[in-house]
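Colleague: Okay, so here is final37.cif, and as you'll see once you scroll down, it has mmCIF, N, CA and C atoms.
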data_entry
#
loop_
_atom_site.label_atom_id
_atom_site.label_comp_id
_atom_site.auth_asym_id
_atom_site.auth_seq_id
_atom_site.Cartn_x
_atom_site.Cartn_y
_atom_site.Cartn_z
N MET C 1271 156.25 -18.58 -136.39
CA MET C 1271 156.02 -19.96 -136.75
C MET C 1271 157.12 -20.83 -136.16
N ALA C 1272 156.70 -21.83 -135.42
CA ALA C 1272 157.66 -22.76 -134.84
C ALA C 1272 157.90 -23.92 -135.79
N GLY C 1273 159.10 -24.46 -135.76
CA GLY C 1273 159.40 -25.61 -136.60
C GLY C 1273 160.20 -25.21 -137.82
N SER C 1274 160.57 -26.22 -138.55
CA SER C 1274 161.39 -25.98 -139.73
C SER C 1274 160.53 -25.54 -140.90
N PRO C 1275 161.08 -24.71 -141.76
CA PRO C 1275 160.32 -24.30 -142.95
C PRO C 1275 160.13 -25.45 -143.93
N LYS C 1276 160.90 -26.51 -143.75
CA LYS C 1276 160.82 -27.66 -144.64
C LYS C 1276 159.41 -28.27 -144.64
N LYS C 1277 158.80 -28.38 -143.46
CA LYS C 1277 157.48 -28.99 -143.41
C LYS C 1277 156.41 -28.06 -144.00
N TYR C 1278 156.63 -26.76 -143.94
CA TYR C 1278 155.67 -25.84 -144.56
C TYR C 1278 155.79 -25.87 -146.09
N TYR C 1279 157.00 -26.03 -146.58
CA TYR C 1279 157.18 -26.19 -148.03
C TYR C 1279 156.55 -27.50 -148.50
N ALA C 1280 156.69 -28.54 -147.69
CA ALA C 1280 156.10 -29.83 -148.04
C ALA C 1280 154.58 -29.73 -148.06
N LEU C 1281 154.01 -29.04 -147.10
CA LEU C 1281 152.56 -28.85 -147.08
C LEU C 1281 152.09 -28.06 -148.29
N ALA C 1282 152.83 -27.02 -148.65
CA ALA C 1282 152.48 -26.23 -149.83
C ALA C 1282 152.57 -27.07 -151.10
N ALA C 1283 153.61 -27.90 -151.19
CA ALA C 1283 153.76 -28.77 -152.37
C ALA C 1283 152.63 -29.78 -152.46
N LEU C 1284 152.22 -30.33 -151.32
CA LEU C 1284 151.11 -31.27 -151.31
C LEU C 1284 149.81 -30.60 -151.71
N MET C 1285 149.58 -29.39 -151.23
CA MET C 1285 148.36 -28.67 -151.61
C MET C 1285 148.33 -28.35 -153.10
N VAL C 1286 149.48 -27.95 -153.65
CA VAL C 1286 149.55 -27.69 -155.10
C VAL C 1286 149.26 -28.98 -155.87
N TRP C 1287 149.82 -30.11 -155.41
CA TRP C 1287 149.57 -31.40 -156.05
C TRP C 1287 148.08 -31.74 -156.04
N LEU C 1288 147.43 -31.55 -154.90
CA LEU C 1288 146.01 -31.89 -154.80
C LEU C 1288 145.15 -30.97 -155.66
N ILE C 1289 145.52 -29.71 -155.76
CA ILE C 1289 144.78 -28.78 -156.62
C ILE C 1289 144.94 -29.18 -158.08
N ILE C 1290 146.15 -29.57 -158.47
CA ILE C 1290 146.37 -30.03 -159.85
C ILE C 1290 145.56 -31.28 -160.14
N VAL C 1291 145.52 -32.21 -159.20
CA VAL C 1291 144.74 -33.44 -159.39
C VAL C 1291 143.26 -33.11 -159.57
N VAL C 1292 142.73 -32.25 -158.71
CA VAL C 1292 141.32 -31.86 -158.82
C VAL C 1292 141.07 -31.15 -160.14
N PHE C 1293 141.97 -30.28 -160.54
CA PHE C 1293 141.79 -29.56 -161.80
C PHE C 1293 141.69 -30.52 -162.98
N PHE C 1294 142.62 -31.48 -163.06
CA PHE C 1294 142.58 -32.42 -164.18
C PHE C 1294 141.39 -33.37 -164.09
N MET C 1295 140.93 -33.68 -162.89
CA MET C 1295 139.74 -34.51 -162.77
C MET C 1295 138.50 -33.76 -163.26
N ILE C 1296 138.44 -32.47 -162.98
CA ILE C 1296 137.32 -31.67 -163.44
C ILE C 1296 137.38 -31.49 -164.95
N VAL C 1297 138.57 -31.23 -165.49
CA VAL C 1297 138.73 -31.07 -166.93
C VAL C 1297 138.35 -32.36 -167.66
N ASN C 1298 138.72 -33.49 -167.08
CA ASN C 1298 138.45 -34.79 -167.70
C ASN C 1298 137.02 -35.28 -167.40
N ARG C 1299 136.31 -34.56 -166.53
CA ARG C 1299 134.94 -34.90 -166.12
C ARG C 1299 134.84 -36.28 -165.50
N THR C 1300 135.83 -36.64 -164.72
CA THR C 1300 135.82 -37.91 -163.99
C THR C 1300 136.16 -37.66 -162.53
N LEU C 1301 135.20 -37.22 -161.78
CA LEU C 1301 135.41 -37.01 -160.35
C LEU C 1301 135.20 -38.35 -159.64
N ASP C 1302 136.30 -39.01 -159.32
CA ASP C 1302 136.26 -40.31 -158.67
C ASP C 1302 137.03 -40.22 -157.37
N LEU C 1303 136.36 -40.51 -156.28
CA LEU C 1303 136.96 -40.39 -154.96
C LEU C 1303 138.09 -41.40 -154.76
N GLU C 1304 137.97 -42.58 -155.33
CA GLU C 1304 139.01 -43.60 -155.18
C GLU C 1304 140.31 -43.17 -155.87
N ILE C 1305 140.19 -42.64 -157.06
CA ILE C 1305 141.37 -42.16 -157.78
C ILE C 1305 142.00 -40.99 -157.04
N TYR C 1306 141.17 -40.09 -156.54
CA TYR C 1306 141.67 -38.94 -155.79
C TYR C 1306 142.41 -39.41 -154.54
N PHE C 1307 141.85 -40.39 -153.85
CA PHE C 1307 142.50 -40.91 -152.65
C PHE C 1307 143.86 -41.52 -152.97
N VAL C 1308 143.93 -42.32 -154.02
CA VAL C 1308 145.19 -42.96 -154.40
C VAL C 1308 146.24 -41.91 -154.78
N LEU C 1309 145.84 -40.90 -155.55
CA LEU C 1309 146.79 -39.84 -155.92
C LEU C 1309 147.20 -39.01 -154.72
N THR C 1310 146.30 -38.82 -153.76
CA THR C 1310 146.65 -38.13 -152.53
C THR C 1310 147.67 -38.94 -151.74
N LEU C 1311 147.45 -40.25 -151.66
CA LEU C 1311 148.39 -41.11 -150.95
C LEU C 1311 149.77 -41.08 -151.60
N ILE C 1312 149.80 -41.08 -152.92
CA ILE C 1312 151.08 -40.98 -153.63
C ILE C 1312 151.77 -39.66 -153.29
N GLY C 1313 151.01 -38.58 -153.27
CA GLY C 1313 151.57 -37.28 -152.91
C GLY C 1313 152.13 -37.25 -151.50
N ILE C 1314 151.40 -37.85 -150.55
CA ILE C 1314 151.87 -37.89 -149.17
C ILE C 1314 153.14 -38.73 -149.06
N LEU C 1315 153.18 -39.84 -149.79
CA LEU C 1315 154.39 -40.68 -149.76
C LEU C 1315 155.60 -39.94 -150.31
N VAL C 1316 155.42 -39.22 -151.40
CA VAL C 1316 156.53 -38.45 -151.99
C VAL C 1316 156.99 -37.36 -151.02
N VAL C 1317 156.05 -36.65 -150.43
CA VAL C 1317 156.40 -35.59 -149.49
C VAL C 1317 157.11 -36.17 -148.26
N ALA C 1318 156.66 -37.31 -147.77
CA ALA C 1318 157.28 -37.92 -146.60
C ALA C 1318 158.72 -38.32 -146.89
N VAL C 1319 158.97 -38.84 -148.08
CA VAL C 1319 160.33 -39.21 -148.45
C VAL C 1319 161.20 -37.96 -148.58
N MET C 1320 160.64 -36.89 -149.13
CA MET C 1320 161.43 -35.68 -149.36
C MET C 1320 161.79 -34.96 -148.06
N ILE C 1321 160.92 -34.99 -147.04
CA ILE C 1321 161.20 -34.22 -145.82
C ILE C 1321 161.83 -35.07 -144.72
N ASP C 1322 161.95 -36.37 -144.92
CA ASP C 1322 162.53 -37.23 -143.89
C ASP C 1322 164.02 -36.96 -143.80
N GLY C 1323 164.47 -36.67 -142.59
CA GLY C 1323 165.88 -36.39 -142.37
C GLY C 1323 166.69 -37.68 -142.25
N ALA C 1324 167.98 -37.57 -142.52
CA ALA C 1324 168.84 -38.74 -142.47
C ALA C 1324 169.25 -39.09 -141.05
N PHE C 1325 169.43 -38.07 -140.21
CA PHE C 1325 169.97 -38.32 -138.87
C PHE C 1325 168.99 -37.99 -137.75
N ALA C 1326 168.07 -37.11 -137.98
CA ALA C 1326 167.10 -36.73 -136.96
C ALA C 1326 165.69 -37.01 -137.47
N ARG C 1327 164.82 -37.46 -136.57
CA ARG C 1327 163.45 -37.76 -136.96
C ARG C 1327 162.52 -36.89 -136.11
N PRO C 1328 161.96 -35.83 -136.73
CA PRO C 1328 161.04 -34.96 -135.99
C PRO C 1328 159.77 -35.70 -135.58
N ARG C 1329 159.09 -35.16 -134.61
CA ARG C 1329 157.88 -35.79 -134.08
C ARG C 1329 156.79 -35.91 -135.14
N TYR C 1330 156.67 -34.91 -136.00
CA TYR C 1330 155.60 -34.95 -137.00
C TYR C 1330 155.82 -36.07 -138.02
N MET C 1331 157.04 -36.57 -138.17
CA MET C 1331 157.27 -37.69 -139.09
C MET C 1331 156.62 -38.97 -138.57
N ARG C 1332 156.53 -39.11 -137.26
CA ARG C 1332 155.85 -40.28 -136.70
C ARG C 1332 154.36 -40.22 -137.04
N TYR C 1333 153.77 -39.04 -136.96
CA TYR C 1333 152.35 -38.89 -137.29
C TYR C 1333 152.11 -39.11 -138.79
N ILE C 1334 153.06 -38.67 -139.61
CA ILE C 1334 152.94 -38.93 -141.05
C ILE C 1334 153.03 -40.43 -141.31
N GLY C 1335 153.84 -41.13 -140.54
CA GLY C 1335 153.94 -42.59 -140.65
C GLY C 1335 152.61 -43.26 -140.33
N TYR C 1336 151.94 -42.79 -139.29
CA TYR C 1336 150.62 -43.34 -138.96
C TYR C 1336 149.62 -43.05 -140.07
N LEU C 1337 149.68 -41.84 -140.61
CA LEU C 1337 148.78 -41.46 -141.70
C LEU C 1337 149.02 -42.34 -142.93
N ILE C 1338 150.27 -42.61 -143.22
CA ILE C 1338 150.61 -43.47 -144.36
C ILE C 1338 150.12 -44.90 -144.12
N ALA C 1339 150.26 -45.40 -142.90
CA ALA C 1339 149.80 -46.75 -142.58
C ALA C 1339 148.29 -46.87 -142.77
N VAL C 1340 147.54 -45.88 -142.31
CA VAL C 1340 146.09 -45.89 -142.50
C VAL C 1340 145.76 -45.79 -143.98
N GLY C 1341 146.48 -44.96 -144.70
CA GLY C 1341 146.25 -44.82 -146.14
C GLY C 1341 146.52 -46.10 -146.91
N VAL C 1342 147.57 -46.80 -146.53
CA VAL C 1342 147.88 -48.07 -147.20
C VAL C 1342 146.80 -49.11 -146.88
N ALA C 1343 146.29 -49.11 -145.66
CA ALA C 1343 145.22 -50.04 -145.30
C ALA C 1343 143.95 -49.75 -146.12
N ILE C 1344 143.60 -48.49 -146.28
CA ILE C 1344 142.44 -48.13 -147.09
C ILE C 1344 142.68 -48.47 -148.55
N PHE C 1345 143.91 -48.26 -149.02
CA PHE C 1345 144.25 -48.62 -150.39
C PHE C 1345 144.10 -50.13 -150.61
N ALA C 1346 144.54 -50.93 -149.65
CA ALA C 1346 144.39 -52.38 -149.75
C ALA C 1346 142.92 -52.77 -149.80
N TYR C 1347 142.09 -52.07 -149.02
CA TYR C 1347 140.65 -52.33 -149.06
C TYR C 1347 140.07 -52.00 -150.43
N ILE C 1348 140.49 -50.89 -151.01
CA ILE C 1348 140.00 -50.50 -152.34
C ILE C 1348 140.42 -51.53 -153.38
N VAL C 1349 141.66 -51.99 -153.31
CA VAL C 1349 142.15 -52.99 -154.27
C VAL C 1349 141.38 -54.30 -154.10
N ALA C 1350 141.15 -54.74 -152.87
CA ALA C 1350 140.40 -55.97 -152.63
C ALA C 1350 138.97 -55.85 -153.15
N GLU C 1351 138.37 -54.68 -152.95
CA GLU C 1351 137.01 -54.45 -153.43
C GLU C 1351 136.96 -54.51 -154.96
N LYS C 1352 137.94 -53.92 -155.63
CA LYS C 1352 137.98 -53.96 -157.10
C LYS C 1352 138.20 -55.39 -157.60
N ILE C 1353 139.03 -56.15 -156.92
CA ILE C 1353 139.27 -57.54 -157.33
C ILE C 1353 137.99 -58.35 -157.19
N LEU C 1354 137.29 -58.19 -156.08
CA LEU C 1354 136.02 -58.90 -155.88
C LEU C 1354 134.99 -58.46 -156.92
N GLU C 1355 134.99 -57.20 -157.30
CA GLU C 1355 134.08 -56.70 -158.32
C GLU C 1355 134.37 -57.34 -159.67
N ILE C 1356 135.65 -57.50 -159.99
CA ILE C 1356 136.04 -58.13 -161.26
C ILE C 1356 135.67 -59.62 -161.25
N LEU C 1357 135.91 -60.29 -160.12
CA LEU C 1357 135.61 -61.71 -160.04
C LEU C 1357 134.11 -61.99 -160.08
N ALA C 1358 133.31 -61.06 -159.59
CA ALA C 1358 131.87 -61.24 -159.56
C ALA C 1358 131.25 -61.11 -160.94
N SER C 1359 131.90 -60.40 -161.85
CA SER C 1359 131.30 -60.20 -163.18
C SER C 1359 131.69 -61.26 -164.18
#
Can the structure in the file be given as structure tokens, please?
Modeller:
Amino acid sequence: MAGSPKKYYALAALMVWLIIVVFFMIVNRTLDLEIYFVLTLIGILVVAVMIDGAFARPRYMRYIGYLIAVGVAIFAYIVAEKILEILAS
């Protein structure tokens, strides 16, 4: 395996987080894709902060930055849609 073990630990932590989220959504009987997406974005943000180095920036951190930017844009769309839904009622 090439690369630092740090990113593999981060991937494992993110997968555990997503499995826990799905488990509690199933237990609560509320499978909502919007909530899952927001919790996934929170998990990615936490992992990105934890693996970001202070002095060196690996190439995969740039790709995580792009992923976060797209996630924030989708999150803004979800929030705008919910606001319009509230205003319409």
Colleague: In Å, rounded to a single decimal, give me how far atom CA of Ile1296 of chain C is from atom C of Ala1339 of chain C.
Modeller: 27.9 Å
Colleague: Please compute the atom CA of Ile1334 of chain C-atom C of Val1292 of chain C distance, one decimal, in Å.
Modeller: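 Straight-line distance from atom CA of Ile1334 of chain C to atom C of Val1292 of chain C works out to 23.8 Å.
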Colleague: Can you tell me, as number ranges by chain, which residues in chain C count as alpha helix (DSSP H) by DSSP?
Modeller: C: 1275-1298, 1303-1321, 1329-1358
Colleague: With only N, CA and C atoms as the atoms that count, which of C:Glu1304, C:Lys1277, C:Tyr1333, C:Leu1315 lies nearest to Ile1348 of chain C?
Modeller: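 Between C:Glu1304, C:Lys1277, C:Tyr1333, C:Leu1315, the residue approaching Ile1348 of chain C most closely is C:Glu1304.
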Colleague: Could you state the separation of atom N of Ile1356 of chain C and atom N of Ile1305 of chain C in Å, given to one decimal place?
Modeller: 15.8 Å
Colleague: Listing only residues of segment 1301-1346 of chain C within 12 Å of segment 1283-1288 of chain C, what is the closest atom pair and its distance in Å (to one decimal) for each, using only C-alpha atoms, sorted by chain and residue number ascending, as JSON lines?
Modeller:
{"residue": "C:Ile1305", "atom": "CA", "partner": "C:Leu1288", "partner_atom": "CA", "distance": 11.7}
{"residue": "C:Tyr1306", "atom": "CA", "partner": "C:Leu1288", "partner_atom": "CA", "distance": 8.3}
{"residue": "C:Phe1307", "atom": "CA", "partner": "C:Leu1288", "partner_atom": "CA", "distance": 9.9}
{"residue": "C:Val1308", "atom": "CA", "partner": "C:Leu1288", "partner_atom": "CA", "distance": 11.1}
{"residue": "C:Leu1309", "atom": "CA", "partner": "C:Leu1288", "partner_atom": "CA", "distance": 8.1}
{"residue": "C:Thr1310", "atom": "CA", "partner": "C:Leu1288", "partner_atom": "CA", "distance": 6.7}
{"residue": "C:Leu1311", "atom": "CA", "partner": "C:Leu1284", "partner_atom": "CA", "distance": 10.2}
{"residue": "C:Ile1312", "atom": "CA", "partner": "C:Leu1284", "partner_atom": "CA", "distance": 10.0}
{"residue": "C:Gly1313", "atom": "CA", "partner": "C:Leu1284", "partner_atom": "CA", "distance": 6.2}
{"residue": "C:Ile1314", "atom": "CA", "partner": "C:Leu1284", "partner_atom": "CA", "distance": 7.0}
{"residue": "C:Leu1315", "atom": "CA", "partner": "C:Leu1284", "partner_atom": "CA", "distance": 10.1}
{"residue": "C:Val1316", "atom": "CA", "partner": "C:Leu1284", "partner_atom": "CA", "distance": 9.0}
{"residue": "C:Val1317", "atom": "CA", "partner": "C:Leu1284", "partner_atom": "CA", "distance": 7.1}
{"residue": "C:Ala1318", "atom": "CA", "partner": "C:Leu1284", "partner_atom": "CA", "distance": 10.2}
{"residue": "C:Met1320", "atom": "CA", "partner": "C:Ala1283", "partner_atom": "CA", "distance": 10.8}
{"residue": "C:Ile1321", "atom": "CA", "partner": "C:Ala1283", "partner_atom": "CA", "distance": 11.3}
Colleague: For N, CA and C atoms, I'd like the residues from the last selection saved as a PDB file, in the frame of the given file.
Modeller:
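The resulting file, again.pdb, is shown below:
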ATOM      1  N   ILE C1305     140.190 -42.640-157.060  1.00  0.00           N
ATOM      2  CA  ILE C1305     141.370 -42.160-157.780  1.00  0.00           C
ATOM      3  C   ILE C1305     142.000 -40.990-157.040  1.00  0.00           C
ATOM      4  N   TYR C1306     141.170 -40.090-156.540  1.00  0.00           N
ATOM      5  CA  TYR C1306     141.670 -38.940-155.790  1.00  0.00           C
ATOM      6  C   TYR C1306     142.410 -39.410-154.540  1.00  0.00           C
ATOM      7  N   PHE C1307     141.850 -40.390-153.850  1.00  0.00           N
ATOM      8  CA  PHE C1307     142.500 -40.910-152.650  1.00  0.00           C
ATOM      9  C   PHE C1307     143.860 -41.520-152.970  1.00  0.00           C
ATOM     10  N   VAL C1308     143.930 -42.320-154.020  1.00  0.00           N
ATOM     11  CA  VAL C1308     145.190 -42.960-154.400  1.00  0.00           C
ATOM     12  C   VAL C1308     146.240 -41.910-154.780  1.00  0.00           C
ATOM     13  N   LEU C1309     145.840 -40.900-155.550  1.00  0.00           N
ATOM     14  CA  LEU C1309     146.790 -39.840-155.920  1.00  0.00           C
ATOM     15  C   LEU C1309     147.200 -39.010-154.720  1.00  0.00           C
ATOM     16  N   THR C1310     146.300 -38.820-153.760  1.00  0.00           N
ATOM     17  CA  THR C1310     146.650 -38.130-152.530  1.00  0.00           C
ATOM     18  C   THR C1310     147.670 -38.940-151.740  1.00  0.00           C
ATOM     19  N   LEU C1311     147.450 -40.250-151.660  1.00  0.00           N
ATOM     20  CA  LEU C1311     148.390 -41.110-150.950  1.00  0.00           C
ATOM     21  C   LEU C1311     149.770 -41.080-151.600  1.00  0.00           C
ATOM     22  N   ILE C1312     149.800 -41.080-152.920  1.00  0.00           N
ATOM     23  CA  ILE C1312     151.080 -40.980-153.630  1.00  0.00           C
ATOM     24  C   ILE C1312     151.770 -39.660-153.290  1.00  0.00           C
ATOM     25  N   GLY C1313     151.010 -38.580-153.270  1.00  0.00           N
ATOM     26  CA  GLY C1313     151.570 -37.280-152.910  1.00  0.00           C
ATOM     27  C   GLY C1313     152.130 -37.250-151.500  1.00  0.00           C
ATOM     28  N   ILE C1314     151.400 -37.850-150.550  1.00  0.00           N
ATOM     29  CA  ILE C1314     151.870 -37.890-149.170  1.00  0.00           C
ATOM     30  C   ILE C1314     153.140 -38.730-149.060  1.00  0.00           C
ATOM     31  N   LEU C1315     153.180 -39.840-149.790  1.00  0.00           N
ATOM     32  CA  LEU C1315     154.390 -40.680-149.760  1.00  0.00           C
ATOM     33  C   LEU C1315     155.600 -39.940-150.310  1.00  0.00           C
ATOM     34  N   VAL C1316     155.420 -39.220-151.400  1.00  0.00           N
ATOM     35  CA  VAL C1316     156.530 -38.450-151.990  1.00  0.00           C
ATOM     36  C   VAL C1316     156.990 -37.360-151.020  1.00  0.00           C
ATOM     37  N   VAL C1317     156.050 -36.650-150.430  1.00  0.00           N
ATOM     38  CA  VAL C1317     156.400 -35.590-149.490  1.00  0.00           C
ATOM     39  C   VAL C1317     157.110 -36.170-148.260  1.00  0.00           C
ATOM     40  N   ALA C1318     156.660 -37.310-147.770  1.00  0.00           N
ATOM     41  CA  ALA C1318     157.280 -37.920-146.600  1.00  0.00           C
ATOM     42  C   ALA C1318     158.720 -38.320-146.890  1.00  0.00           C
ATOM     43  N   MET C1320     160.640 -36.890-149.130  1.00  0.00           N
ATOM     44  CA  MET C1320     161.430 -35.680-149.360  1.00  0.00           C
ATOM     45  C   MET C1320     161.790 -34.960-148.060  1.00  0.00           C
ATOM     46  N   ILE C1321     160.920 -34.990-147.040  1.00  0.00           N
ATOM     47  CA  ILE C1321     161.200 -34.220-145.820  1.00  0.00           C
ATOM     48  C   ILE C1321     161.830 -35.070-144.720  1.00  0.00           C
TER      49      ILE C1321
END
Colleague: Which is closest to Asp1322 of chain C among C:Gly1335, C:Ile1290, C:Ala1343, C:Ser1359, if we use only C-alpha atoms?
Modeller: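 Checking each of C:Gly1335, C:Ile1290, C:Ala1343, C:Ser1359 against Asp1322 of chain C, counting only C-alpha atoms, the winner is C:Gly1335.
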